[in-house]
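Worksheet: the structure to be examined is printed underneath.
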Amino acid sequence: MMNFFYTYQSLFDHILVYALLAMSQYVVLRAGVFSLGTAGFAALGAYGCALLITKAGWPPFAAIVAGTVLGTLASALLAFPLSRLRGVFQAVATLALVQIVLSGTQNWVSLTNGALGVNGIPKVAGTGVLLSVVVVVVLLLVAMGRYSVGRAMDVIREDETVAVSLGISVPYYHRIAFILSGLLAGMGGALQATSSYAITPGEFGFGMLVATLAMVVLGGRTSVWGALVGAAILTTLPELFRVFADYRNVVQGILLMLVIVYLPRGVADTVIAMLRDRRLRRRAVRLPADTVVVGGAASAGAPPVNSSIDAGVHA
């Protein structure tokens, strides 16, 4: 078992990093925001952390915190104007952010080393650190979903008109979703930098943008488990099809199309819905045996009818 773990440890680390990035994408989609800025926020977190360690001599964990804060601040600044946009306009604006950050990492050679990237980053974010962070984030997102913030986001995602009629401030919750997404993406980027020894601009380009969006669509966008399942599947898939290396993208595209057509709710959300329906059916079967019919309607657990009263009525 340990040999298996050490053989695929780098793959496990990759899954955990992309799970954070997928959860960043999940947060905005849950609130009905069409944001594609995860890759840009991740790049800011990764480069901020890596440069503080290699050029400013910061302690690694302090640099990770700084990279997370950088992604959060960038998303907070963008949250106010972007919360006024909708649909494709949000997607185009956040896509422009990714392009600006990517151009900066490639062309600001004196700071970022251009296409060569940043090397010599100490590996301090091992599997244990990554797993602990992912577990904490999952617990926090699950808890958020059970309170007013998560419920308000669900209403906004389903119908903004209904949300407004209920007194829910749509721009306010969109800003919360943007900021949380930037925080998680910045943290994911910083952890990626401190778990892979080196980073390059190509890691945070269009490929990451499509991958994080596909993970949430594949797994499901209404529960945090969808992001985790999607990250595990799409990160493991290239390893399973290593023999067909030239056709990896084709296989991923076919799998995504099949899921969209036959499992439009996503793999995890579909399984969760099936388990919920099965649990409800079992509860229905386990109704008390003393159910009686009174006036044509079933009443579970109703007391038996008194025979003396019946006798008096008929008399």
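Identifiers in this document derive from the order of the structure tokens: chains are assigned A, B, ..., residues are numbered from 1 separately in each chain, and ligands are numbered from 1 in order of occurrence.
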
Counting only C-alpha atoms, which residues of stretch 4-111 of chain A sit at most 12 Å from some atom of stretch 204-213 of chain A, and what is each one's closest atom pair with its distance in Å to one decimal, listed by chain and rising residue number, as a Markdown table?
| residue | atom | partner | partner_atom | distance |
| --- | --- | --- | --- | --- |
| A:Ile15 | CA | A:Thr212 | CA | 11.5 |
| A:Val17 | CA | A:Thr212 | CA | 10.9 |
| A:Tyr18 | CA | A:Thr212 | CA | 7.4 |
| A:Ala19 | CA | A:Thr212 | CA | 8.7 |
| A:Leu20 | CA | A:Thr212 | CA | 9.5 |
| A:Leu21 | CA | A:Thr212 | CA | 6.4 |
| A:Ala22 | CA | A:Thr212 | CA | 5.0 |
| A:Met23 | CA | A:Thr212 | CA | 8.6 |
| A:Ser24 | CA | A:Thr212 | CA | 8.6 |
| A:Gln25 | CA | A:Leu213 | CA | 6.5 |
| A:Tyr26 | CA | A:Leu213 | CA | 8.3 |
| A:Val27 | CA | A:Leu213 | CA | 11.4 |
| A:Val28 | CA | A:Leu213 | CA | 10.7 |
| A:Leu29 | CA | A:Leu213 | CA | 9.3 |
| A:Phe34 | CA | A:Leu213 | CA | 10.1 |
| A:Ser35 | CA | A:Leu213 | CA | 9.4 |
| A:Leu36 | CA | A:Leu209 | CA | 6.5 |
| A:Gly37 | CA | A:Leu209 | CA | 7.7 |
| A:Thr38 | CA | A:Leu209 | CA | 6.8 |
| A:Ala39 | CA | A:Phe204 | CA | 5.4 |
| A:Gly40 | CA | A:Phe204 | CA | 7.0 |
| A:Phe41 | CA | A:Phe204 | CA | 9.2 |
| A:Ala42 | CA | A:Phe204 | CA | 7.2 |
| A:Ala43 | CA | A:Phe204 | CA | 5.8 |
| A:Leu44 | CA | A:Phe204 | CA | 9.5 |
| A:Gly45 | CA | A:Phe204 | CA | 10.9 |
| A:Ala46 | CA | A:Phe204 | CA | 9.4 |
| A:Tyr47 | CA | A:Phe204 | CA | 10.4 |
| A:Ala91 | CA | A:Leu209 | CA | 11.3 |
| A:Thr94 | CA | A:Leu209 | CA | 10.6 |
| A:Leu95 | CA | A:Leu209 | CA | 8.8 |
| A:Ala96 | CA | A:Phe206 | CA | 11.5 |
| A:Leu97 | CA | A:Gly205 | CA | 11.2 |
| A:Val98 | CA | A:Gly205 | CA | 7.4 |
| A:Gln99 | CA | A:Gly205 | CA | 7.8 |
| A:Ile100 | CA | A:Gly205 | CA | 10.7 |
| A:Val101 | CA | A:Phe204 | CA | 9.1 |
| A:Leu102 | CA | A:Gly205 | CA | 6.6 |
| A:Ser103 | CA | A:Gly205 | CA | 9.8 |
| A:Gly104 | CA | A:Phe204 | CA | 11.8 |
| A:Thr105 | CA | A:Phe204 | CA | 9.7 |
| A:Gln106 | CA | A:Gly205 | CA | 10.8 |

| task | For A:Val136, list every protein, DNA or RNA residue within 12 Å, evaluated using only C-alpha atoms, and leave out those in the same chain fewer than 6 positions away; present the list as a PyMOL selection string. | result | chain A and resi 20+129-130+142-143+184

With N, CA, C and O atoms retained, export the selected residues as a compact mmCIF listing (two decimals), in the first residue's frame.
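Printed below is result_18.txt as written:
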# COMPACT_ATOMS: atom_id res chain seq x y z
N LEU A 20 -8.88 22.15 -5.00
CA LEU A 20 -9.04 23.52 -4.50
C LEU A 20 -9.46 24.46 -5.63
O LEU A 20 -10.35 25.30 -5.46
N VAL A 129 -0.14 18.35 4.06
CA VAL A 129 -0.59 19.75 4.10
C VAL A 129 -1.74 19.97 3.13
O VAL A 129 -2.77 20.57 3.47
N LEU A 130 -1.59 19.47 1.91
CA LEU A 130 -2.64 19.66 0.90
C LEU A 130 -3.94 18.99 1.32
O LEU A 130 -5.03 19.57 1.18
N VAL A 142 -19.36 23.10 3.11
CA VAL A 142 -20.56 22.35 3.49
C VAL A 142 -21.34 23.10 4.56
O VAL A 142 -22.58 23.21 4.49
N ALA A 143 -20.62 23.64 5.54
CA ALA A 143 -21.29 24.43 6.59
C ALA A 143 -21.94 25.68 6.01
O ALA A 143 -23.05 26.05 6.40
N LEU A 184 -9.84 30.98 -2.67
CA LEU A 184 -9.52 29.57 -2.88
C LEU A 184 -8.55 29.39 -4.04
O LEU A 184 -7.64 28.55 -3.97

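Nearest residue to A:Glu158, choosing from A:Gln90, A:Asn113, A:Thr236, A:Thr222 and counting only C-alpha atoms: A:Thr222.
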
| task | With a distance cut-off of 10 Å and only C-alpha atoms, select the neighbouring residues of stretch 7-11 of chain A, excluding the residue or stretch itself and same-chain residues fewer than 4 positions from it, and output the selection as a ChimeraX atom specification. | result | /A:1-3,15-17,126-127,195-196,232,235-236,239

With N, CA, C and O atoms retained, could you export that selection as an mmCIF file, in the first residue's frame?
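File written: part01.cif
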data_model
loop_
_atom_site.group_PDB
_atom_site.id
_atom_site.type_symbol
_atom_site.label_atom_id
_atom_site.label_comp_id
_atom_site.auth_asym_id
_atom_site.auth_seq_id
_atom_site.Cartn_x
_atom_site.Cartn_y
_atom_site.Cartn_z
ATOM 1 N N MET A 1 0.824 -1.206 0.000
ATOM 2 C CA MET A 1 0.000 0.000 0.000
ATOM 3 C C MET A 1 0.862 1.261 0.000
ATOM 4 O O MET A 1 0.591 2.223 -0.715
ATOM 5 N N MET A 2 1.902 1.253 0.825
ATOM 6 C CA MET A 2 2.785 2.401 0.893
ATOM 7 C C MET A 2 3.546 2.578 -0.418
ATOM 8 O O MET A 2 3.777 3.704 -0.859
ATOM 9 N N ASN A 3 3.927 1.439 -1.053
ATOM 10 C CA ASN A 3 4.605 1.553 -2.341
ATOM 11 C C ASN A 3 3.684 2.185 -3.383
ATOM 12 O O ASN A 3 4.126 3.003 -4.201
ATOM 13 N N ILE A 15 -4.110 16.092 -7.715
ATOM 14 C CA ILE A 15 -5.561 16.012 -7.523
ATOM 15 C C ILE A 15 -6.010 16.975 -6.433
ATOM 16 O O ILE A 15 -7.021 17.676 -6.581
ATOM 17 N N LEU A 16 -5.267 17.037 -5.346
ATOM 18 C CA LEU A 16 -5.651 17.898 -4.230
ATOM 19 C C LEU A 16 -5.559 19.382 -4.610
ATOM 20 O O LEU A 16 -6.432 20.176 -4.235
ATOM 21 N N VAL A 17 -4.517 19.751 -5.357
ATOM 22 C CA VAL A 17 -4.400 21.147 -5.796
ATOM 23 C C VAL A 17 -5.559 21.503 -6.718
ATOM 24 O O VAL A 17 -6.202 22.561 -6.564
ATOM 25 N N GLY A 126 3.439 19.346 1.225
ATOM 26 C CA GLY A 126 3.361 17.934 0.876
ATOM 27 C C GLY A 126 1.927 17.441 0.854
ATOM 28 O O GLY A 126 0.966 18.199 0.989
ATOM 29 N N THR A 127 1.789 16.131 0.729
ATOM 30 C CA THR A 127 0.449 15.533 0.652
ATOM 31 C C THR A 127 -0.350 15.792 1.918
ATOM 32 O O THR A 127 -1.558 16.079 1.846
ATOM 33 N N SER A 195 4.528 23.029 -4.008
ATOM 34 C CA SER A 195 4.488 21.566 -4.050
ATOM 35 C C SER A 195 5.088 21.006 -5.330
ATOM 36 O O SER A 195 5.117 19.792 -5.521
ATOM 37 N N SER A 196 5.570 21.903 -6.224
ATOM 38 C CA SER A 196 6.063 21.415 -7.517
ATOM 39 C C SER A 196 7.446 21.956 -7.889
ATOM 40 O O SER A 196 7.887 21.760 -9.024
ATOM 41 N N ALA A 232 -10.931 14.655 -9.323
ATOM 42 C CA ALA A 232 -10.313 13.323 -9.264
ATOM 43 C C ALA A 232 -10.373 12.632 -10.624
ATOM 44 O O ALA A 232 -9.393 12.028 -11.072
ATOM 45 N N THR A 235 -8.219 14.605 -13.433
ATOM 46 C CA THR A 235 -6.781 14.601 -13.155
ATOM 47 C C THR A 235 -6.199 13.200 -13.294
ATOM 48 O O THR A 235 -5.050 13.039 -13.713
ATOM 49 N N THR A 236 -6.995 12.184 -12.980
ATOM 50 C CA THR A 236 -6.522 10.801 -13.072
ATOM 51 C C THR A 236 -6.602 10.274 -14.495
ATOM 52 O O THR A 236 -5.827 9.394 -14.877
ATOM 53 N N GLU A 239 -3.502 9.699 -16.683
ATOM 54 C CA GLU A 239 -2.683 8.574 -16.250
ATOM 55 C C GLU A 239 -3.249 7.253 -16.762
ATOM 56 O O GLU A 239 -2.503 6.349 -17.134
#

| Non-local contacts of A:Ala31 (7 Å; only C-alpha atoms; under 2 positions in same chain excluded) as a list in words | Val27, Val28, Leu29, Val33, Met153, Asp154, Ile156, Arg157, His174 and Ala177 of chain A
